[in-house]
$ cat entry_0.csv   # CSV, C-alpha atoms and all ligand atoms
chain,number,residue,atom,x,y,z
A,147,MET,CA,123.5,82.1,91.0
A,148,VAL,CA,120.3,83.4,89.5
A,149,HIS,CA,116.9,81.9,90.3
A,150,ILE,CA,114.0,82.0,87.8
A,151,ALA,CA,110.4,82.6,88.8
A,152,PRO,CA,107.9,82.4,85.9
A,153,SER,CA,104.9,84.7,86.5
A,154,ILE,CA,101.7,82.7,85.9
A,155,LEU,CA,99.9,86.0,85.1
A,156,SER,CA,100.7,85.2,81.4
A,157,ALA,CA,99.6,81.6,81.6
A,158,ASP,CA,96.2,80.2,80.5
A,159,PHE,CA,94.2,80.4,83.8
A,160,GLY,CA,91.8,77.8,82.4
A,161,ALA,CA,94.5,75.2,82.5
A,162,LEU,CA,96.8,76.5,85.2
A,163,ASN,CA,98.2,73.3,86.5
A,164,LYS,CA,98.9,72.0,83.0
A,165,GLU,CA,100.6,75.3,82.2
A,166,ILE,CA,102.7,75.0,85.3
A,167,SER,CA,103.6,71.4,84.5
A,168,THR,CA,105.3,72.7,81.3
A,169,ILE,CA,108.0,74.6,83.2
A,170,GLU,CA,108.0,73.6,86.9
A,171,ALA,CA,111.0,71.3,86.7
A,172,HIS,CA,113.1,74.1,85.3
A,173,SER,CA,111.8,76.9,87.7
A,174,ASP,CA,113.1,77.9,91.1
A,175,TYR,CA,109.8,79.6,92.2
A,176,MET,CA,106.4,80.0,90.8
A,177,HIS,CA,105.4,83.7,90.9
A,178,ILE,CA,101.8,84.3,91.6
A,179,ASP,CA,100.2,87.7,91.2
A,180,VAL,CA,97.3,88.5,93.5
A,181,MET,CA,95.5,91.7,92.5
A,182,ASP,CA,92.4,93.3,94.1
A,183,GLY,CA,91.3,95.9,91.6
A,184,HIS,CA,92.0,98.7,94.2
A,185,PHE,CA,95.7,98.7,94.8
A,186,VAL,CA,96.1,98.1,91.1
A,187,PRO,CA,93.6,98.5,88.3
A,188,ASN,CA,93.3,94.8,87.6
A,189,LEU,CA,91.8,91.7,89.3
A,190,THR,CA,93.2,88.2,89.4
A,191,PHE,CA,92.3,85.7,92.2
A,192,GLY,CA,92.8,85.0,95.9
A,193,ALA,CA,93.9,82.2,98.2
A,194,PRO,CA,91.2,79.7,97.2
A,195,VAL,CA,92.7,79.6,93.7
A,196,VAL,CA,96.3,79.5,94.8
A,197,ARG,CA,95.4,76.6,97.0
A,198,CYS,CA,94.5,74.6,93.9
A,199,ILE,CA,97.9,75.0,92.4
A,200,GLN,CA,99.6,71.6,92.3
A,201,THR,CA,103.4,71.8,92.1
A,202,ASP,CA,106.5,70.9,94.1
A,203,THR,CA,108.1,74.2,93.0
A,204,PRO,CA,108.1,76.8,95.9
A,205,LEU,CA,105.3,79.4,95.6
A,206,ASP,CA,106.2,83.1,95.7
A,207,VAL,CA,103.0,85.2,96.1
A,208,HIS,CA,103.0,88.8,95.2
A,209,LEU,CA,100.2,90.6,96.8
A,210,MET,CA,99.1,93.7,95.0
A,211,VAL,CA,96.2,94.4,97.3
A,212,GLU,CA,95.1,97.0,99.9
A,213,ASN,CA,95.1,95.8,103.5
A,214,PRO,CA,97.5,92.8,102.9
A,215,GLN,CA,97.4,92.1,106.6
A,216,HIS,CA,93.8,90.7,106.1
A,217,TYR,CA,95.1,87.8,104.0
A,218,VAL,CA,98.3,86.6,105.7
A,219,ASP,CA,96.6,83.7,107.6
A,220,ASP,CA,94.8,82.4,104.5
A,221,PHE,CA,98.0,82.4,102.4
A,222,ALA,CA,100.1,81.0,105.3
A,223,SER,CA,97.8,78.0,105.5
A,224,ILE,CA,98.7,77.1,101.8
A,225,GLY,CA,102.3,76.6,102.7
A,226,LEU,CA,104.0,79.3,100.6
A,227,GLU,CA,107.7,79.9,100.5
A,228,VAL,CA,107.5,83.7,100.1
A,229,LEU,CA,104.8,86.2,100.8
A,230,THR,CA,105.4,89.7,99.5
A,231,PHE,CA,103.2,92.8,100.0
A,232,HIS,CA,103.6,96.3,98.8
A,233,TYR,CA,105.3,99.0,100.9
A,234,GLU,CA,102.7,101.5,99.6
A,235,ALA,CA,99.8,99.4,100.8
A,236,VAL,CA,100.6,99.5,104.6
A,237,GLU,CA,101.2,102.2,107.2
A,238,TYR,CA,103.7,100.3,109.3
A,239,ALA,CA,105.5,97.4,107.7
A,240,PRO,CA,107.6,95.8,110.5
A,241,SER,CA,104.8,94.2,112.3
A,242,LEU,CA,103.4,92.6,109.2
A,243,LEU,CA,106.9,91.4,108.1
A,244,LYS,CA,107.4,89.8,111.6
A,245,ARG,CA,104.0,88.1,111.3
A,246,ILE,CA,104.8,86.6,107.9
A,247,ARG,CA,108.1,85.2,109.2
A,248,LYS,CA,106.5,83.9,112.3
A,249,GLN,CA,104.0,81.9,110.1
A,250,GLY,CA,106.9,80.1,108.4
A,251,MET,CA,107.2,82.1,105.2
A,252,LYS,CA,109.9,84.4,103.8
A,253,ALA,CA,108.9,88.0,104.3
A,254,GLY,CA,109.0,90.1,101.2
A,255,ILE,CA,108.2,93.7,100.4
A,256,SER,CA,107.7,95.2,97.0
A,257,VAL,CA,108.2,98.8,95.8
A,258,LYS,CA,106.4,100.5,92.9
A,259,PRO,CA,108.6,102.3,90.3
A,260,ASN,CA,107.9,105.8,91.8
A,261,THR,CA,108.8,104.7,95.4
A,262,ASP,CA,112.3,105.8,96.6
A,263,ILE,CA,114.2,102.6,97.5
A,264,THR,CA,115.8,104.2,100.5
A,265,VAL,CA,112.5,103.9,102.4
A,266,LEU,CA,113.5,100.3,102.9
A,267,LYS,CA,116.6,101.1,104.9
A,268,PRO,CA,115.0,100.8,108.3
A,269,LEU,CA,113.2,97.6,107.3
A,270,LEU,CA,116.2,95.6,106.0
A,271,GLU,CA,116.5,93.6,109.2
A,272,HIS,CA,113.0,92.3,108.8
A,273,LEU,CA,113.3,91.4,105.1
A,274,ASP,CA,114.1,88.1,103.4
A,275,TRP,CA,113.1,89.3,100.0
A,276,VAL,CA,112.7,92.5,98.1
A,277,LEU,CA,110.7,92.7,94.9
A,278,VAL,CA,111.7,95.6,92.8
A,279,MET,CA,109.0,96.5,90.3
A,280,SER,CA,110.4,97.4,86.9
A,281,VAL,CA,106.9,98.3,85.5
A,282,GLU,CA,103.8,99.8,87.0
A,283,PRO,CA,102.2,96.8,88.8
A,284,GLY,CA,98.9,95.4,87.4
A,285,PHE,CA,99.6,94.0,83.9
A,286,GLY,CA,102.0,91.7,82.1
A,287,GLY,CA,103.7,92.6,78.8
A,288,GLN,CA,105.0,96.1,79.7
A,289,SER,CA,108.4,97.5,78.9
A,290,PHE,CA,111.2,97.4,81.5
A,291,MET,CA,112.0,100.7,83.3
A,292,PRO,CA,115.8,101.0,83.6
A,293,ALA,CA,115.4,103.1,86.8
A,294,ALA,CA,115.0,99.7,88.6
A,295,LEU,CA,118.7,99.0,88.1
A,296,ASP,CA,119.9,101.7,90.5
A,297,LYS,CA,117.4,100.4,93.1
A,298,ILE,CA,118.8,96.9,92.8
A,299,LYS,CA,122.4,98.3,93.1
A,300,TRP,CA,121.5,100.2,96.2
A,301,LEU,CA,119.9,97.2,97.8
A,302,ARG,CA,122.8,94.8,96.9
A,303,GLU,CA,125.3,97.3,98.4
A,304,LYS,CA,123.3,97.5,101.7
A,305,ALA,CA,122.4,93.8,102.0
A,306,PRO,CA,124.8,91.3,100.4
A,307,ASP,CA,122.7,88.3,101.4
A,308,LEU,CA,119.2,89.6,100.6
A,309,ASP,CA,117.1,87.9,98.0
A,310,ILE,CA,116.5,90.7,95.4
A,311,ALA,CA,113.9,89.9,92.8
A,312,VAL,CA,112.9,92.1,89.8
A,313,ASP,CA,109.5,91.9,88.2
A,314,GLY,CA,108.3,93.5,84.9
A,315,GLY,CA,109.6,93.5,81.4
A,316,ILE,CA,112.2,90.8,82.0
A,317,ASN,CA,113.8,89.1,79.0
A,318,ALA,CA,117.3,87.8,78.3
A,319,GLU,CA,118.6,91.3,77.7
A,320,THR,CA,117.0,93.2,80.6
A,321,GLY,CA,117.6,90.1,82.8
A,322,THR,CA,121.3,90.4,82.2
A,323,LEU,CA,121.3,94.0,83.2
A,324,CYS,CA,119.4,93.1,86.4
A,325,LYS,CA,121.9,90.3,87.3
A,326,GLU,CA,124.8,92.7,86.7
A,327,ALA,CA,123.2,95.2,89.1
A,328,GLY,CA,122.9,92.5,91.8
A,329,ALA,CA,119.5,90.8,91.4
A,330,ASN,CA,119.4,87.1,92.1
A,331,ILE,CA,115.8,86.4,91.2
A,332,LEU,CA,114.3,87.1,87.8
A,333,ILE,CA,110.5,87.1,87.5
A,334,ALA,CA,109.2,86.8,83.9
A,335,GLY,CA,105.7,86.3,82.7
A,336,SER,CA,105.2,87.0,79.0
A,337,TYR,CA,108.8,86.3,78.0
A,338,ILE,CA,108.4,82.7,79.3
A,339,PHE,CA,104.7,81.8,78.8
A,340,LYS,CA,104.3,83.5,75.4
A,341,ALA,CA,107.6,81.9,74.0
A,342,ASP,CA,107.4,79.2,71.4
A,343,ASP,CA,110.0,77.3,73.5
A,344,ARG,CA,109.4,78.1,77.2
A,345,LEU,CA,112.4,76.1,78.4
A,346,ALA,CA,114.7,77.9,76.0
A,347,ALA,CA,113.4,81.2,77.3
A,348,ILE,CA,114.2,80.1,80.9
A,349,ARG,CA,117.7,78.9,79.9
A,350,SER,CA,118.3,82.3,78.2
A,351,LEU,CA,117.5,84.0,81.5
A,352,ARG,CA,119.9,81.9,83.4
A,353,GLY,CA,122.6,83.0,80.9
B,1,LIG,C1,102.8,92.8,87.0
B,1,LIG,C2,103.2,91.5,87.7
B,1,LIG,C3,104.2,90.7,87.0
B,1,LIG,C4,103.9,90.3,85.6
B,1,LIG,C5,105.1,90.5,84.8
B,1,LIG,O1,102.1,93.6,87.9
B,1,LIG,O2,103.6,91.7,89.0
B,1,LIG,O3,104.6,89.6,87.7
B,1,LIG,O4,103.4,89.0,85.4
B,1,LIG,O5,104.9,90.3,83.5
B,1,LIG,P1,105.9,90.5,82.3
B,1,LIG,O6,107.1,89.6,82.6
B,1,LIG,O7,105.2,90.1,81.1
B,1,LIG,O8,106.3,92.0,82.3
B,2,ZN,ZN,104.4,90.0,90.1
$ encode --input "entry_0.csv" --output "structure tokens" --more "lines below"
Ligand code: DX5
Ligand code: ZN
Amino acid sequence: MVHIAPSILSADFGALNKEISTIEAHSDYMHIDVMDGHFVPNLTFGAPVVRCIQTDTPLDVHLMVENPQHYVDDFASIGLEVLTFHYEAVEYAPSLLKRIRKQGMKAGISVKPNTDITVLKPLLEHLDWVLVMSVEPGFGGQSFMPAALDKIKWLREKAPDLDIAVDGGINAETGTLCKEAGANILIAGSYIFKADDRLAAIRSLRG
């Protein structure tokens, strides 16, 4: 079964809780992009803003920041379901993954489009969630990069029970390709939030 995680990056930040209320009952996770202007060339917000989000839907936070280890305690105190950092942002991932689990969250790692997926092989035992980027991280509204499909297939073959999420350029068509490749979580920003009928967009992703 596929899970849907709307990415609030494409929502109106001035009315975030109202925006979330339009889709939360139909969503499995709320995907929250935290960007620092260094790891990616864009800025969003940090833990103080995430703490203000009011929803019963589990939060999945995607850290696109340098030194993600500095922020784990702050985010853990919010009560997230999933905390994901980038493989490219740390020198040694296992200790950080263990720390995230120890603080009661699912431990996730994300890989940028140019990162070879096989680097995750030694990390699989520490991972609850892998977020395959299908665009360069930083901005919504970009086109899906099909090279993500082979990464998803490789992961699914190696880890039948792993949560495999895909993020970037997801719509009904690319979402189907990702599901066929083995992804079980579809993250979509503009496809949902810019739709005239957001719930119909979510339904189309479930297929
Ligand atoms: C991009 C973010 C995505 C973004 C996806 O760096 O990680 O979550 O919101 O946006 P769409 O679905 O519009 O490609
Ligand atoms: Zn994201």
$ residues_near_point --input "entry_0.csv" --point "(102.3, 84.0, 84.3)" --cutoff "10 Å" --atoms "only C-alpha atoms" --output "ChimeraX atom specification"
/A:151-159,162,165-166,176-179,286,333-340
$ closest_residue --input "entry_0.csv" --among "A:Ile246, A:Leu301, A:Leu277, A:Val148" --to "Pro259 in chain A" --atoms "only C-alpha atoms"
A:Leu277
$ residues_around --input "entry_0.csv" --residues "Val196 in chain A" --least-positions-apart "2" --cutoff "9 Å" --atoms "all atoms listed in the file" --output "PyMOL selection string"
chain A and resi 178+191-194+198-200+207+221+224
$ residues_around --input "entry_0.csv" --residues "Pro214 in chain A" --least-positions-apart "4" --cutoff "9 Å" --atoms "all atoms listed in the file" --output "ChimeraX atom specification"
/A:209-210,218,231-232,235-236,242
$ atom_distance --input "entry_0.csv" --atom1 "atom C1 of ligand LIG 1 (chain B)" --atom2 "CA of Phe285 in chain A"
4.6 Å
$ residues_around --input "entry_0.csv" --residues "Ile316 in chain A" --least-positions-apart "4" --cutoff "12 Å" --atoms "only C-alpha atoms" --output "PyMOL selection string"
chain A and resi 150-153+278-281+286-292+294+311-312+320-325+329+331-338+347-348+350-352
$ decode --input "entry_0.csv" --residues "range 292-304 of chain A" --atoms "all heavy atoms" --output "short mmCIF file (atom, residue, chain, number, x, y, z; two decimals), in the first residue's frame"
data_model
loop_
_atom_site.label_atom_id
_atom_site.label_comp_id
_atom_site.auth_asym_id
_atom_site.auth_seq_id
_atom_site.Cartn_x
_atom_site.Cartn_y
_atom_site.Cartn_z
N PRO A 292 14.20 10.47 -14.05
CA PRO A 292 13.91 9.02 -14.06
C PRO A 292 15.01 8.15 -13.46
O PRO A 292 14.74 6.99 -13.11
CB PRO A 292 13.72 8.69 -15.55
CG PRO A 292 13.51 10.00 -16.22
CD PRO A 292 14.17 11.05 -15.39
N ALA A 293 16.22 8.67 -13.32
CA ALA A 293 17.31 7.87 -12.72
C ALA A 293 16.95 7.44 -11.30
O ALA A 293 17.52 6.47 -10.78
CB ALA A 293 18.60 8.67 -12.72
N ALA A 294 16.01 8.12 -10.68
CA ALA A 294 15.58 7.73 -9.33
C ALA A 294 14.96 6.33 -9.32
O ALA A 294 15.03 5.62 -8.30
CB ALA A 294 14.56 8.74 -8.80
N LEU A 295 14.40 5.91 -10.45
CA LEU A 295 13.69 4.61 -10.47
C LEU A 295 14.64 3.44 -10.21
O LEU A 295 14.30 2.51 -9.47
CB LEU A 295 12.96 4.43 -11.80
CG LEU A 295 11.86 5.47 -12.07
CD1 LEU A 295 11.34 5.35 -13.50
CD2 LEU A 295 10.72 5.31 -11.06
N ASP A 296 15.82 3.49 -10.80
CA ASP A 296 16.78 2.39 -10.57
C ASP A 296 17.26 2.37 -9.12
O ASP A 296 17.54 1.31 -8.57
CB ASP A 296 17.99 2.53 -11.51
CG ASP A 296 17.66 2.05 -12.91
OD1 ASP A 296 16.67 1.27 -13.04
OD2 ASP A 296 18.36 2.44 -13.86
N LYS A 297 17.35 3.55 -8.51
CA LYS A 297 17.75 3.60 -7.10
C LYS A 297 16.68 2.94 -6.23
O LYS A 297 16.98 2.19 -5.30
CB LYS A 297 17.94 5.05 -6.65
CG LYS A 297 19.11 5.75 -7.32
CD LYS A 297 19.26 7.16 -6.74
CE LYS A 297 20.50 7.82 -7.31
NZ LYS A 297 20.70 9.15 -6.73
N ILE A 298 15.42 3.23 -6.54
CA ILE A 298 14.32 2.65 -5.77
C ILE A 298 14.34 1.12 -5.93
O ILE A 298 14.19 0.38 -4.94
CB ILE A 298 12.96 3.24 -6.23
CG1 ILE A 298 12.91 4.74 -5.90
CG2 ILE A 298 11.79 2.51 -5.60
CD1 ILE A 298 11.75 5.48 -6.57
N LYS A 299 14.53 0.67 -7.16
CA LYS A 299 14.55 -0.79 -7.42
C LYS A 299 15.67 -1.45 -6.63
O LYS A 299 15.49 -2.51 -6.04
CB LYS A 299 14.75 -1.07 -8.92
CG LYS A 299 13.49 -0.89 -9.73
CD LYS A 299 13.76 -1.23 -11.20
CE LYS A 299 12.67 -0.59 -12.05
NZ LYS A 299 13.10 -0.25 -13.41
N TRP A 300 16.83 -0.83 -6.64
CA TRP A 300 17.99 -1.40 -5.92
C TRP A 300 17.67 -1.51 -4.43
O TRP A 300 17.90 -2.54 -3.79
CB TRP A 300 19.21 -0.51 -6.15
CG TRP A 300 20.47 -1.03 -5.51
CD1 TRP A 300 21.38 -1.89 -6.04
CD2 TRP A 300 20.92 -0.74 -4.17
NE1 TRP A 300 22.38 -2.15 -5.13
CE2 TRP A 300 22.12 -1.46 -3.97
CE3 TRP A 300 20.44 0.05 -3.13
CZ2 TRP A 300 22.85 -1.41 -2.78
CZ3 TRP A 300 21.16 0.10 -1.94
CH2 TRP A 300 22.35 -0.62 -1.77
N LEU A 301 17.10 -0.45 -3.88
CA LEU A 301 16.77 -0.44 -2.45
C LEU A 301 15.74 -1.51 -2.11
O LEU A 301 15.88 -2.24 -1.12
CB LEU A 301 16.19 0.91 -2.05
CG LEU A 301 17.15 2.07 -1.82
CD1 LEU A 301 16.37 3.37 -1.72
CD2 LEU A 301 17.98 1.84 -0.55
N ARG A 302 14.70 -1.60 -2.94
CA ARG A 302 13.62 -2.54 -2.64
C ARG A 302 14.13 -3.97 -2.68
O ARG A 302 13.73 -4.81 -1.86
CB ARG A 302 12.44 -2.32 -3.61
CG ARG A 302 11.24 -3.19 -3.36
CD ARG A 302 10.75 -3.14 -1.92
NE ARG A 302 10.03 -1.93 -1.55
CZ ARG A 302 10.11 -1.33 -0.36
NH1 ARG A 302 10.89 -1.83 0.59
NH2 ARG A 302 9.42 -0.24 -0.08
N GLU A 303 15.06 -4.23 -3.60
CA GLU A 303 15.63 -5.57 -3.70
C GLU A 303 16.45 -5.89 -2.45
O GLU A 303 16.38 -6.99 -1.91
CB GLU A 303 16.53 -5.60 -4.93
CG GLU A 303 16.67 -6.97 -5.56
CD GLU A 303 17.62 -6.88 -6.73
OE1 GLU A 303 17.21 -6.30 -7.76
OE2 GLU A 303 18.78 -7.34 -6.58
N LYS A 304 17.18 -4.91 -1.97
CA LYS A 304 18.05 -5.14 -0.81
C LYS A 304 17.27 -5.15 0.51
O LYS A 304 17.68 -5.79 1.48
CB LYS A 304 19.11 -4.02 -0.70
CG LYS A 304 20.09 -3.99 -1.83
CD LYS A 304 21.20 -5.02 -1.61
CE LYS A 304 22.14 -5.12 -2.79
NZ LYS A 304 21.56 -5.64 -4.04
#
